[in-house]
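Quick look at entry_5.txt (compact mmCIF, C-alpha atoms (C1' of nucleotides)):
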# COMPACT_ATOMS: atom_id res chain seq x y z
CA MET D 1 -29.93 19.38 8.43
CA ARG D 2 -31.12 17.19 11.22
CA VAL D 3 -31.16 13.38 11.11
CA SER D 4 -32.86 10.77 13.27
CA LYS D 5 -31.34 9.73 16.55
CA GLU D 6 -30.52 6.33 15.13
CA GLN D 7 -28.87 7.88 12.10
CA ALA D 8 -26.86 10.20 14.29
CA ALA D 9 -25.74 7.26 16.40
CA LYS D 10 -24.72 5.40 13.27
CA ASN D 11 -22.76 8.37 12.03
CA ARG D 12 -21.07 8.64 15.40
CA GLU D 13 -20.14 4.98 15.20
CA ARG D 14 -18.84 5.45 11.68
CA ILE D 15 -16.59 8.29 12.81
CA LEU D 16 -15.25 6.25 15.72
CA ASP D 17 -14.60 3.28 13.45
CA ALA D 18 -12.70 5.43 10.99
CA ALA D 19 -10.82 7.20 13.76
CA SER D 20 -9.76 4.04 15.55
CA LEU D 21 -8.41 2.68 12.27
CA LEU D 22 -6.78 5.89 11.08
CA MET D 23 -5.09 6.68 14.37
CA ARG D 24 -3.49 3.26 14.47
CA GLU D 25 -2.22 3.64 10.93
CA ARG D 26 -1.01 7.24 11.02
CA GLY D 27 -0.73 7.96 14.71
CA ILE D 28 -2.87 10.33 16.75
CA SER D 29 -1.01 13.48 15.76
CA GLY D 30 -0.89 12.21 12.19
CA MET D 31 -4.64 11.86 11.96
CA GLY D 32 -5.99 15.17 10.69
CA VAL D 33 -9.57 16.16 11.32
CA ASP D 34 -10.20 16.67 7.62
CA ALA D 35 -8.68 13.33 6.68
CA LEU D 36 -10.77 11.65 9.31
CA ALA D 37 -13.94 13.31 8.04
CA ASP D 38 -13.10 12.12 4.55
CA ALA D 39 -12.51 8.57 5.75
CA ALA D 40 -15.82 8.60 7.61
CA GLY D 41 -17.63 10.04 4.57
CA MET D 42 -18.63 13.22 6.34
CA THR D 43 -17.56 16.81 6.82
CA HIS D 44 -15.41 18.06 9.63
CA GLY D 45 -18.29 20.19 10.87
CA SER D 46 -20.43 17.22 11.80
CA MET D 47 -17.62 15.77 13.83
CA TYR D 48 -17.48 18.90 15.91
CA SER D 49 -21.24 18.70 16.38
CA GLN D 50 -20.74 15.23 17.79
CA PHE D 51 -17.52 15.55 19.77
CA GLY D 52 -16.65 19.21 20.23
CA SER D 53 -12.90 18.77 19.93
CA LYS D 54 -10.31 16.41 18.57
CA GLU D 55 -9.17 15.61 22.06
CA ARG D 56 -12.58 14.33 23.12
CA LEU D 57 -12.93 12.45 19.85
CA VAL D 58 -9.58 10.76 20.46
CA GLU D 59 -10.66 9.84 23.97
CA GLU D 60 -13.66 7.98 22.65
CA ALA D 61 -11.81 6.52 19.69
CA VAL D 62 -9.14 5.04 21.93
CA ALA D 63 -11.77 3.47 24.16
CA HIS D 64 -13.64 2.33 21.06
CA ALA D 65 -10.60 0.62 19.57
CA ILE D 66 -9.69 -1.08 22.82
CA ALA D 67 -13.24 -2.31 23.44
CA ALA D 68 -13.58 -3.62 19.89
CA LYS D 69 -10.27 -5.42 20.17
CA GLY D 70 -11.26 -6.93 23.49
CA ARG D 71 -14.46 -8.26 21.95
CA GLU D 72 -12.40 -10.13 19.33
CA ALA D 73 -10.97 -12.67 21.76
CA PRO D 74 -13.13 -15.81 21.97
CA ASP D 75 -14.38 -16.87 25.40
CA GLY D 76 -12.15 -19.81 25.99
CA PHE D 77 -8.88 -19.19 24.21
CA ALA D 78 -5.49 -20.73 24.85
CA LEU D 79 -2.69 -18.41 25.84
CA GLY D 80 -0.37 -19.96 23.29
CA ASP D 81 -2.78 -19.21 20.47
CA TYR D 82 -3.14 -15.64 21.63
CA VAL D 83 0.62 -15.16 21.66
CA SER D 84 1.24 -16.69 18.26
CA GLN D 85 -1.54 -14.65 16.73
CA TYR D 86 -0.31 -11.47 18.38
CA LEU D 87 3.24 -12.09 17.19
CA SER D 88 2.28 -13.08 13.64
CA ALA D 89 3.28 -11.39 10.39
CA GLY D 90 -0.40 -10.79 9.72
CA HIS D 91 -0.81 -8.76 12.87
CA ARG D 92 2.41 -6.90 12.20
CA ASP D 93 1.30 -5.90 8.72
CA LYS D 94 -2.17 -4.70 9.69
CA PRO D 95 -1.73 -2.05 12.36
CA GLY D 96 -5.03 -0.38 11.51
CA SER D 97 -7.01 -3.30 12.88
CA GLY D 98 -4.34 -4.48 15.31
CA CYS D 99 -3.46 -3.94 18.93
CA PRO D 100 -4.17 -0.33 19.97
CA PHE D 101 -1.53 -0.45 22.69
CA ALA D 102 1.26 -1.27 20.28
CA ALA D 103 0.07 1.35 17.82
CA LEU D 104 -0.45 4.23 20.24
CA CYS D 105 1.88 3.62 23.18
CA CYS D 106 4.64 5.99 22.10
CA GLU D 107 2.24 8.91 21.73
CA MET D 108 0.54 8.38 25.05
CA PRO D 109 2.97 10.41 27.18
CA ARG D 110 1.91 13.47 25.17
CA GLN D 111 -1.84 12.87 25.33
CA SER D 112 -4.44 14.40 27.63
CA GLY D 113 -5.32 12.84 30.96
CA GLY D 114 -8.59 11.49 29.65
CA VAL D 115 -6.96 9.71 26.73
CA ARG D 116 -4.26 8.22 28.92
CA GLU D 117 -6.81 6.98 31.44
CA ARG D 118 -8.68 5.01 28.80
CA PHE D 119 -5.40 3.62 27.53
CA THR D 120 -4.26 2.67 31.03
CA ALA D 121 -7.54 0.94 31.82
CA GLY D 122 -7.14 -1.03 28.60
CA VAL D 123 -3.61 -2.10 29.45
CA ARG D 124 -4.78 -3.21 32.85
CA SER D 125 -7.52 -5.34 31.37
CA MET D 126 -5.12 -6.90 28.86
CA ILE D 127 -2.81 -7.86 31.70
CA GLY D 128 -5.76 -9.30 33.59
CA LEU D 129 -6.74 -11.26 30.51
CA LEU D 130 -3.26 -12.74 30.17
CA GLY D 131 -2.93 -13.51 33.88
CA GLY D 132 -6.29 -15.20 33.93
CA ARG D 133 -5.15 -17.66 31.29
CA MET D 134 -2.01 -18.75 33.03
CA ALA D 135 -1.33 -22.04 34.74
CA SER D 136 -3.35 -22.18 37.95
CA THR D 137 -0.42 -23.84 39.67
CA LEU D 138 1.16 -20.43 40.04
CA LYS D 139 0.37 -18.08 42.87
CA PRO D 140 -1.70 -15.01 41.93
CA ARG D 141 1.26 -12.72 42.50
CA GLN D 142 3.44 -14.78 40.21
CA ARG D 143 0.76 -14.87 37.57
CA GLU D 144 0.39 -11.11 37.66
CA GLU D 145 4.12 -10.63 37.37
CA LYS D 146 4.32 -12.98 34.44
CA ALA D 147 1.37 -11.27 32.81
CA LEU D 148 2.96 -7.86 33.21
CA ALA D 149 6.22 -9.02 31.66
CA MET D 150 4.39 -10.85 28.91
CA ALA D 151 2.42 -7.76 27.92
CA ALA D 152 5.67 -5.83 27.69
CA SER D 153 7.24 -8.54 25.54
CA LEU D 154 4.27 -8.71 23.20
CA VAL D 155 4.03 -4.98 22.68
CA GLY D 156 7.78 -4.52 22.37
CA ALA D 157 8.20 -7.29 19.85
CA LEU D 158 5.32 -6.11 17.67
CA VAL D 159 6.45 -2.52 17.75
CA LEU D 160 10.06 -3.36 16.95
CA ALA D 161 9.05 -5.79 14.22
CA ARG D 162 7.04 -3.00 12.61
CA ALA D 163 9.73 -0.39 13.04
CA VAL D 164 12.56 -2.33 11.50
CA ASN D 165 13.19 -2.14 7.77
CA ASP D 166 14.57 -5.63 7.24
CA PRO D 167 11.96 -8.42 6.83
CA LYS D 168 14.43 -11.01 8.07
CA LEU D 169 15.19 -9.16 11.29
CA SER D 170 11.53 -8.34 11.74
CA GLY D 171 10.56 -11.99 11.50
CA ASP D 172 13.38 -12.99 13.82
CA ILE D 173 12.14 -10.63 16.52
CA LEU D 174 8.65 -12.12 16.34
CA ARG D 175 9.88 -15.70 16.30
CA ALA D 176 12.40 -15.27 19.11
CA THR D 177 9.80 -13.64 21.33
CA ARG D 178 7.29 -16.37 20.51
CA ASN D 179 9.81 -19.04 21.49
CA THR D 180 10.85 -17.27 24.65
CA LEU D 181 7.27 -16.77 25.82
CA ALA D 182 6.49 -20.44 25.16
CA ASP D 183 8.83 -21.51 27.99
CA MET R 1 26.84 35.57 6.58
CA ARG R 2 29.52 33.01 6.30
CA VAL R 3 31.26 31.40 9.30
CA SER R 4 34.39 29.30 9.61
CA LYS R 5 34.27 25.59 8.82
CA GLU R 6 34.78 24.77 12.47
CA GLN R 7 31.97 27.09 13.51
CA ALA R 8 29.67 25.59 10.89
CA ALA R 9 30.51 22.11 12.14
CA LYS R 10 29.75 23.19 15.69
CA ASN R 11 26.43 24.64 14.62
CA ARG R 12 25.63 21.43 12.82
CA GLU R 13 26.43 19.46 15.95
CA ARG R 14 24.27 21.80 18.01
CA ILE R 15 21.32 21.26 15.69
CA LEU R 16 21.74 17.51 15.82
CA ASP R 17 21.99 17.55 19.60
CA ALA R 18 18.82 19.59 19.90
CA ALA R 19 17.02 17.46 17.31
CA SER R 20 17.93 14.15 18.89
CA LEU R 21 16.62 15.41 22.21
CA LEU R 22 13.50 17.09 20.88
CA MET R 23 12.45 14.20 18.66
CA ARG R 24 12.60 11.81 21.59
CA GLU R 25 10.52 14.13 23.73
CA ARG R 26 7.90 15.21 21.20
CA GLY R 27 8.17 12.60 18.49
CA ILE R 28 9.44 13.11 14.97
CA SER R 29 6.21 14.52 13.59
CA GLY R 30 5.84 16.60 16.74
CA MET R 31 9.19 18.27 16.27
CA GLY R 32 8.59 21.37 14.18
CA VAL R 33 11.38 22.97 12.22
CA ASP R 34 10.85 26.31 13.92
CA ALA R 35 10.81 24.79 17.39
CA LEU R 36 13.97 22.93 16.61
CA ALA R 37 15.66 26.09 15.36
CA ASP R 38 14.68 27.82 18.58
CA ALA R 39 16.03 24.98 20.69
CA ALA R 40 19.30 25.06 18.76
CA GLY R 41 19.51 28.84 19.06
CA MET R 42 19.38 29.42 15.33
CA THR R 43 16.97 30.26 12.58
CA HIS R 44 15.25 27.70 10.41
CA GLY R 45 17.05 29.08 7.39
CA SER R 46 20.45 27.95 8.60
CA MET R 47 19.11 24.47 9.15
CA TYR R 48 18.06 24.28 5.55
CA SER R 49 21.51 25.47 4.55
CA GLN R 50 22.95 22.55 6.46
CA PHE R 51 20.47 19.78 5.78
CA GLY R 52 18.19 20.74 2.91
CA SER R 53 15.08 19.09 4.27
CA LYS R 54 13.57 17.87 7.51
CA GLU R 55 13.76 14.31 6.28
CA ARG R 56 17.52 14.43 5.84
CA LEU R 57 17.90 16.20 9.15
CA VAL R 58 15.90 13.45 10.85
CA GLU R 59 18.07 10.82 9.18
CA GLU R 60 21.18 12.29 10.69
CA ALA R 61 19.55 13.06 14.03
CA VAL R 62 18.41 9.45 14.42
CA ALA R 63 21.90 8.19 13.67
CA HIS R 64 23.31 10.84 15.97
CA ALA R 65 21.08 9.84 18.88
CA ILE R 66 21.82 6.15 18.42
CA ALA R 67 25.57 6.69 18.17
CA ALA R 68 25.64 8.93 21.23
CA LYS R 69 23.63 6.39 23.20
CA GLY R 70 25.92 3.59 22.10
CA ARG R 71 28.92 5.56 23.32
CA GLU R 72 27.38 5.75 26.80
CA ALA R 73 27.83 2.06 27.58
CA PRO R 74 31.13 1.38 29.35
CA ASP R 75 33.50 -1.17 27.84
CA GLY R 76 32.98 -4.02 30.23
CA PHE R 77 29.48 -3.79 31.60
CA ALA R 78 27.37 -6.51 33.17
CA LEU R 79 24.14 -7.42 31.44
CA GLY R 80 22.24 -7.23 34.69
CA ASP R 81 23.33 -3.65 35.27
CA TYR R 82 22.32 -2.69 31.77
CA VAL R 83 18.86 -4.16 32.25
CA SER R 84 18.21 -2.55 35.62
CA GLN R 85 19.35 0.81 34.34
CA TYR R 86 17.26 0.49 31.20
CA LEU R 87 14.20 -0.46 33.21
CA SER R 88 14.64 2.21 35.88
CA ALA R 89 12.29 5.04 36.78
CA GLY R 90 15.05 7.46 35.88
CA HIS R 91 15.23 6.21 32.33
CA ARG R 92 11.46 6.16 32.05
CA ASP R 93 11.17 9.78 33.13
CA LYS R 94 13.88 11.14 30.84
CA PRO R 95 12.95 10.16 27.30
CA GLY R 96 14.87 13.04 25.78
CA SER R 97 18.19 11.51 26.73
CA GLY R 98 16.95 7.92 26.78
CA CYS R 99 16.78 5.01 24.39
CA PRO R 100 16.03 6.23 20.83
CA PHE R 101 14.43 2.92 19.90
CA ALA R 102 11.82 3.15 22.62
CA ALA R 103 11.14 6.79 21.84
CA LEU R 104 10.85 6.51 18.06
CA CYS R 105 9.79 2.95 17.29
CA CYS R 106 6.10 3.67 16.77
CA GLU R 107 6.79 6.38 14.22
CA MET R 108 9.27 4.34 12.21
CA PRO R 109 6.74 2.60 9.94
CA ARG R 110 5.85 6.04 8.57
CA GLN R 111 9.39 7.30 8.08
CA SER R 112 11.50 7.42 4.94
CA GLY R 113 13.71 4.52 3.90
CA GLY R 114 16.84 6.34 4.98
CA VAL R 115 15.56 7.00 8.47
CA ARG R 116 14.38 3.43 8.89
CA GLU R 117 17.72 2.07 7.74
CA ARG R 118 19.60 3.98 10.41
CA PHE R 119 17.10 2.85 12.98
CA THR R 120 17.33 -0.77 11.86
CA ALA R 121 21.12 -0.73 11.96
CA GLY R 122 20.91 0.61 15.50
CA VAL R 123 18.52 -2.10 16.60
CA ARG R 124 20.81 -4.70 15.13
CA SER R 125 23.79 -3.37 17.01
CA MET R 126 21.83 -3.24 20.27
CA ILE R 127 20.89 -6.87 19.82
CA GLY R 128 24.51 -7.70 19.11
CA LEU R 129 25.53 -5.82 22.24
CA LEU R 130 23.10 -7.80 24.37
CA GLY R 131 24.00 -11.13 22.80
CA GLY R 132 27.69 -10.48 23.29
CA ARG R 133 27.19 -10.13 27.03
CA MET R 134 25.35 -13.37 27.51
CA ALA R 135 26.60 -16.54 29.13
CA SER R 136 29.16 -18.14 26.85
CA THR R 137 27.77 -21.56 27.73
CA LEU R 138 24.96 -20.91 25.29
CA LYS R 139 25.24 -21.63 21.60
CA PRO R 140 25.48 -18.56 19.36
CA ARG R 141 22.01 -19.23 17.96
CA GLN R 142 20.52 -19.40 21.42
CA ARG R 143 22.28 -16.24 22.46
CA GLU R 144 20.94 -14.39 19.46
CA GLU R 145 17.42 -15.57 20.13
CA LYS R 146 17.63 -14.54 23.76
CA ALA R 147 19.05 -11.18 22.76
CA LEU R 148 16.24 -10.59 20.25
CA ALA R 149 13.59 -11.40 22.81
CA MET R 150 15.33 -9.33 25.45
CA ALA R 151 15.45 -6.27 23.24
CA ALA R 152 11.72 -6.62 22.64
CA SER R 153 11.07 -6.95 26.38
CA LEU R 154 13.17 -3.93 27.23
CA VAL R 155 11.61 -1.66 24.64
CA GLY R 156 8.10 -2.88 25.34
CA ALA R 157 8.38 -2.44 29.09
CA LEU R 158 9.84 1.04 28.85
CA VAL R 159 7.30 2.18 26.31
CA LEU R 160 4.36 0.81 28.26
CA ALA R 161 5.67 2.19 31.53
CA ARG R 162 5.81 5.61 29.91
CA ALA R 163 2.42 5.31 28.28
CA VAL R 164 0.47 4.32 31.36
CA ASN R 165 -1.01 6.99 33.60
CA ASP R 166 -0.78 5.14 36.89
CA PRO R 167 2.62 5.30 38.67
CA LYS R 168 1.93 2.04 40.47
CA LEU R 169 1.18 0.13 37.29
CA SER R 170 4.10 1.79 35.54
CA GLY R 171 6.50 0.69 38.25
CA ASP R 172 5.03 -2.79 38.26
CA ILE R 173 5.68 -3.21 34.54
CA LEU R 174 9.32 -2.23 34.99
CA ARG R 175 9.84 -4.42 38.02
CA ALA R 176 8.10 -7.47 36.58
CA THR R 177 10.15 -7.25 33.40
CA ARG R 178 13.34 -6.81 35.39
CA ASN R 179 12.58 -9.92 37.43
CA THR R 180 11.61 -11.96 34.40
CA LEU R 181 14.76 -11.02 32.51
CA ALA R 182 16.91 -11.92 35.50
CA ASP R 183 16.03 -15.61 35.12
C1' DT A 1 -49.89 20.88 12.77
C1' DG A 2 -46.78 24.33 14.27
C1' DA A 3 -42.78 25.49 17.16
C1' DT A 4 -38.51 23.91 18.68
C1' DC A 5 -34.32 21.70 18.58
C1' DT A 6 -30.17 19.73 16.66
C1' DA A 7 -27.16 17.10 13.52
C1' DA A 8 -24.89 18.11 9.32
C1' DA A 9 -22.83 21.13 5.94
C1' DT A 10 -20.44 25.29 4.56
C1' DG A 11 -16.89 28.50 4.71
C1' DA A 12 -13.67 30.97 6.96
C1' DC A 13 -10.47 31.82 10.97
C1' DG A 14 -5.53 32.30 12.87
C1' DA A 15 -1.71 29.34 13.73
C1' DT A 16 1.61 26.38 12.38
C1' DC A 17 3.56 23.16 9.07
C1' DG A 18 7.79 22.35 5.81
C1' DT A 19 9.95 24.80 2.20
C1' DT A 20 12.22 28.28 -0.73
C1' DA A 21 14.15 32.64 -2.73
C1' DT A 22 16.64 36.42 -1.49
C1' DT A 23 20.01 39.03 0.92
C1' DA A 24 23.91 39.93 3.95
C1' DT A 25 28.32 38.79 5.55
C1' DA A 26 32.61 36.79 6.19
C1' DA A 27 35.64 32.86 5.38
C1' DT A 28 38.10 30.78 1.76
C1' DT A 29 40.61 30.59 -2.49
C1' DG A 30 43.30 32.01 -6.54
C1' DC G 1 44.23 41.85 -2.43
C1' DA G 2 40.35 40.63 -5.34
C1' DA G 3 37.04 37.14 -6.62
C1' DT G 4 34.60 33.42 -5.17
C1' DT G 5 32.11 30.54 -2.22
C1' DA G 6 29.19 29.16 1.46
C1' DT G 7 26.62 29.89 5.87
C1' DA G 8 23.29 32.24 8.29
C1' DA G 9 19.33 35.42 8.59
C1' DT G 10 15.05 37.32 6.80
C1' DA G 11 10.72 37.08 4.88
C1' DA G 12 7.36 35.00 2.51
C1' DC G 13 5.14 30.95 0.17
C1' DG G 14 1.12 27.51 -0.16
C1' DA G 15 -0.70 23.78 2.46
C1' DT G 16 -2.61 21.92 6.35
C1' DC G 17 -3.64 22.11 11.18
C1' DG G 18 -7.68 22.37 14.78
C1' DT G 19 -11.57 25.29 15.58
C1' DC G 20 -15.85 27.83 15.21
C1' DA G 21 -19.83 30.86 13.56
C1' DT G 22 -23.42 30.48 10.52
C1' DT G 23 -26.80 28.35 7.74
C1' DT G 24 -29.75 24.53 6.34
C1' DA G 25 -33.07 21.07 6.85
C1' DG G 26 -35.50 17.57 8.91
C1' DA G 27 -36.62 15.05 13.16
C1' DT G 28 -38.79 15.66 17.59
C1' DC G 29 -42.13 17.36 20.61
C1' DA G 30 -45.99 20.26 22.57
The structure given in the file should be rewritten as structure tokens.
Amino acid sequence: MRVSKEQAAKNRERILDAASLLMRERGISGMGVDALADAAGMTHGSMYSQFGSKERLVEEAVAHAIAAKGREAPDGFALGDYVSQYLSAGHRDKPGSGCPFAALCCEMPRQSGGVRERFTAGVRSMIGLLGGRMASTLKPRQREEKALAMAASLVGALVLARAVNDPKLSGDILRATRNTLAD
Amino acid sequence: MRVSKEQAAKNRERILDAASLLMRERGISGMGVDALADAAGMTHGSMYSQFGSKERLVEEAVAHAIAAKGREAPDGFALGDYVSQYLSAGHRDKPGSGCPFAALCCEMPRQSGGVRERFTAGVRSMIGLLGGRMASTLKPRQREEKALAMAASLVGALVLARAVNDPKLSGDILRATRNTLAD
DNA sequence: TGATCTAAATGACGATCGTTATTATAATTG
DNA sequence: CAATTATAATAACGATCGTCATTTAGATCA
């Protein structure tokens, strides 16, 4: 059956919301089309009416997750707050609503060009965000270098803290990286 | 048919070699049992004779990859050399023979307890390796904290450099992290 | 209002997933 | 040497994978 344009747009949004959550929790290859349809409260058929293939759906879902995450940051935030929130136990334990880069980075080398482009653009904007919040006493080149290294530290610490089985070690990784980035 | 104990051990080793390579290239969930049997030059049946399940095979393959990687490091190596090799384009472009932590970290939260334990033990020993090579002027606690943060930086930079689609950005991430860790 | 269009649902497709039972074969053991 | 044991190969299992053709029904448009 056919639905109104608005309804169709809402359904599309609902699919993207479910996909951006599910892919961060289970991985891209671990997110089945049927499971996604279930999570979105629809059938797999309607998803193919909207997106045509899983690959194109993933493309949009990655962009969707990154854009939503970018919208979370308040206008004037302090870099220290950003870091301590990023490297918190709360963030570690909620990958589904957390940083898309940390959740999806390891699968990216095996994704299509379109998916990787969206991901790369997102990484670039995160680095720009970090660099823009750094002490203005530094030269632009230095700020960019620090921002690049900081992004790597953030993602690496979060990913390792999630991977590791021991809560103590996991917390230590977060804390040590927090302290090191504070210098 | 039955083969000699030595032959069976060799076959087992061959499967583990192929698995530790394949899982780093395609991911754990992306490594099918059939594909692995092909890569090892055997049939899937013999793998189940040896390991019983994919989960137990992955357990051993993770430990195998970590142990083999640990054996690579020469006895008396400089920390700076380790870092620049880890953050090199060569390492980035050869995940199959590269760092198992960077290759598998994002899938770890969804692995069995046994697999995660091997991974965690490996991470711990890597951190110990890094800390042991640090300036002895630092207190043990400071060395451990620096080693924890360094491991996060290394893994994060490598993983992001692999994920990103743009060679320029990828190289910048590696270089910036190298420079930052040199301080 | 009547014709057209399209999102959503249904059901099935071949391929691949991990797994298992069975069989063949040869090393090992008594 | 005979009996036992264990590895490897074969073939098939049900489940799930992504995909697609068809049908249904209601919104959109002339």
Could you build a table of the residues in chain R lying no more than 8 Å from chain A, giving for each the nearest pair of atoms and their separation in Å rounded to one decimal place, using only C-alpha atoms (C1' of nucleotides), ordered by chain and ascending residue number, as a tab-separated table?
residue	atom	partner	partner_atom	distance
R:Met1	CA	A:DT25	C1'	3.7
R:Arg2	CA	A:DA26	C1'	4.9
R:Val3	CA	A:DA27	C1'	6.1
R:Ser4	CA	A:DA27	C1'	5.7
R:Gly32	CA	A:DC17	C1'	7.4
R:Val33	CA	A:DG18	C1'	7.4
R:Ser53	CA	A:DT19	C1'	8.0
R:Lys54	CA	A:DG18	C1'	7.5
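Counting all atoms listed in the file and comparing R:His91, R:Arg56, R:Arg124, R:Arg110, the residue that lies closest to Ile173 in chain D is R:Arg124.
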Open item on the list: as a count of residues only, could you give me every residue of chain R near chain D (at most 9 Å apart, counting only C-alpha atoms)?
Closed with: 57
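Taking CA of Glu13 in chain D as the reference point, CA of Ala68 in chain D is found at 11.8 Å.
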Open item on the list: Distance cut-off 10 Å, counting all atoms listed in the file - which residues of chain R neighbour chain G? Return them as a PyMOL selection string.
Closed with: chain R and resi 1-5+7-8+42-50
For range 122-171 of chain D in the structure I just supplied, write out C-alpha atoms - as a PDB file, in the first residue's frame.
ATOM      1  CA  GLY D 122      33.099  12.746   9.212  1.00  0.00           C
ATOM      2  CA  VAL D 123      36.588  12.101  10.533  1.00  0.00           C
ATOM      3  CA  ARG D 124      37.790  15.252   8.870  1.00  0.00           C
ATOM      4  CA  SER D 125      35.067  17.314  10.484  1.00  0.00           C
ATOM      5  CA  MET D 126      35.783  15.799  13.898  1.00  0.00           C
ATOM      6  CA  ILE D 127      39.430  16.764  13.539  1.00  0.00           C
ATOM      7  CA  GLY D 128      38.381  20.247  12.507  1.00  0.00           C
ATOM      8  CA  LEU D 129      36.123  20.441  15.530  1.00  0.00           C
ATOM      9  CA  LEU D 130      38.945  19.477  17.873  1.00  0.00           C
ATOM     10  CA  GLY D 131      41.470  21.789  16.228  1.00  0.00           C
ATOM     11  CA  GLY D 132      39.079  24.687  16.393  1.00  0.00           C
ATOM     12  CA  ARG D 133      38.843  24.358  20.154  1.00  0.00           C
ATOM     13  CA  MET D 134      42.542  24.400  20.827  1.00  0.00           C
ATOM     14  CA  ALA D 135      44.591  27.176  22.346  1.00  0.00           C
ATOM     15  CA  SER D 136      44.842  30.012  19.835  1.00  0.00           C
ATOM     16  CA  THR D 137      48.444  30.535  20.862  1.00  0.00           C
ATOM     17  CA  LEU D 138      49.390  27.618  18.658  1.00  0.00           C
ATOM     18  CA  LYS D 139      50.027  27.942  14.964  1.00  0.00           C
ATOM     19  CA  PRO D 140      47.344  26.446  12.693  1.00  0.00           C
ATOM     20  CA  ARG D 141      49.692  23.678  11.601  1.00  0.00           C
ATOM     21  CA  GLN D 142      50.437  22.730  15.169  1.00  0.00           C
ATOM     22  CA  ARG D 143      46.769  22.767  16.051  1.00  0.00           C
ATOM     23  CA  GLU D 144      45.942  20.472  13.167  1.00  0.00           C
ATOM     24  CA  GLU D 145      48.685  18.077  14.145  1.00  0.00           C
ATOM     25  CA  LYS D 146      47.526  18.005  17.729  1.00  0.00           C
ATOM     26  CA  ALA D 147      43.952  17.503  16.604  1.00  0.00           C
ATOM     27  CA  LEU D 148      44.922  14.598  14.371  1.00  0.00           C
ATOM     28  CA  ALA D 149      46.816  12.884  17.170  1.00  0.00           C
ATOM     29  CA  MET D 150      44.046  13.602  19.640  1.00  0.00           C
ATOM     30  CA  ALA D 151      41.423  12.002  17.415  1.00  0.00           C
ATOM     31  CA  ALA D 152      43.591   8.907  17.162  1.00  0.00           C
ATOM     32  CA  SER D 153      44.031   8.789  20.934  1.00  0.00           C
ATOM     33  CA  LEU D 154      40.320   9.187  21.603  1.00  0.00           C
ATOM     34  CA  VAL D 155      39.242   6.521  19.160  1.00  0.00           C
ATOM     35  CA  GLY D 156      41.993   4.120  20.164  1.00  0.00           C
ATOM     36  CA  ALA D 157      41.313   4.435  23.861  1.00  0.00           C
ATOM     37  CA  LEU D 158      37.567   3.969  23.480  1.00  0.00           C
ATOM     38  CA  VAL D 159      37.951   1.013  21.181  1.00  0.00           C
ATOM     39  CA  LEU D 160      40.507  -0.707  23.394  1.00  0.00           C
ATOM     40  CA  ALA D 161      38.504  -0.001  26.531  1.00  0.00           C
ATOM     41  CA  ARG D 162      35.531  -1.696  24.899  1.00  0.00           C
ATOM     42  CA  ALA D 163      37.527  -4.613  23.579  1.00  0.00           C
ATOM     43  CA  VAL D 164      39.203  -5.576  26.804  1.00  0.00           C
ATOM     44  CA  ASN D 165      37.529  -8.008  29.166  1.00  0.00           C
ATOM     45  CA  ASP D 166      38.866  -6.643  32.440  1.00  0.00           C
ATOM     46  CA  PRO D 167      36.983  -3.637  33.911  1.00  0.00           C
ATOM     47  CA  LYS D 168      40.079  -2.505  35.763  1.00  0.00           C
ATOM     48  CA  LEU D 169      42.260  -2.434  32.666  1.00  0.00           C
ATOM     49  CA  SER D 170      39.456  -0.866  30.665  1.00  0.00           C
ATOM     50  CA  GLY D 171      39.110   1.960  33.157  1.00  0.00           C
TER      51      GLY D 171
END
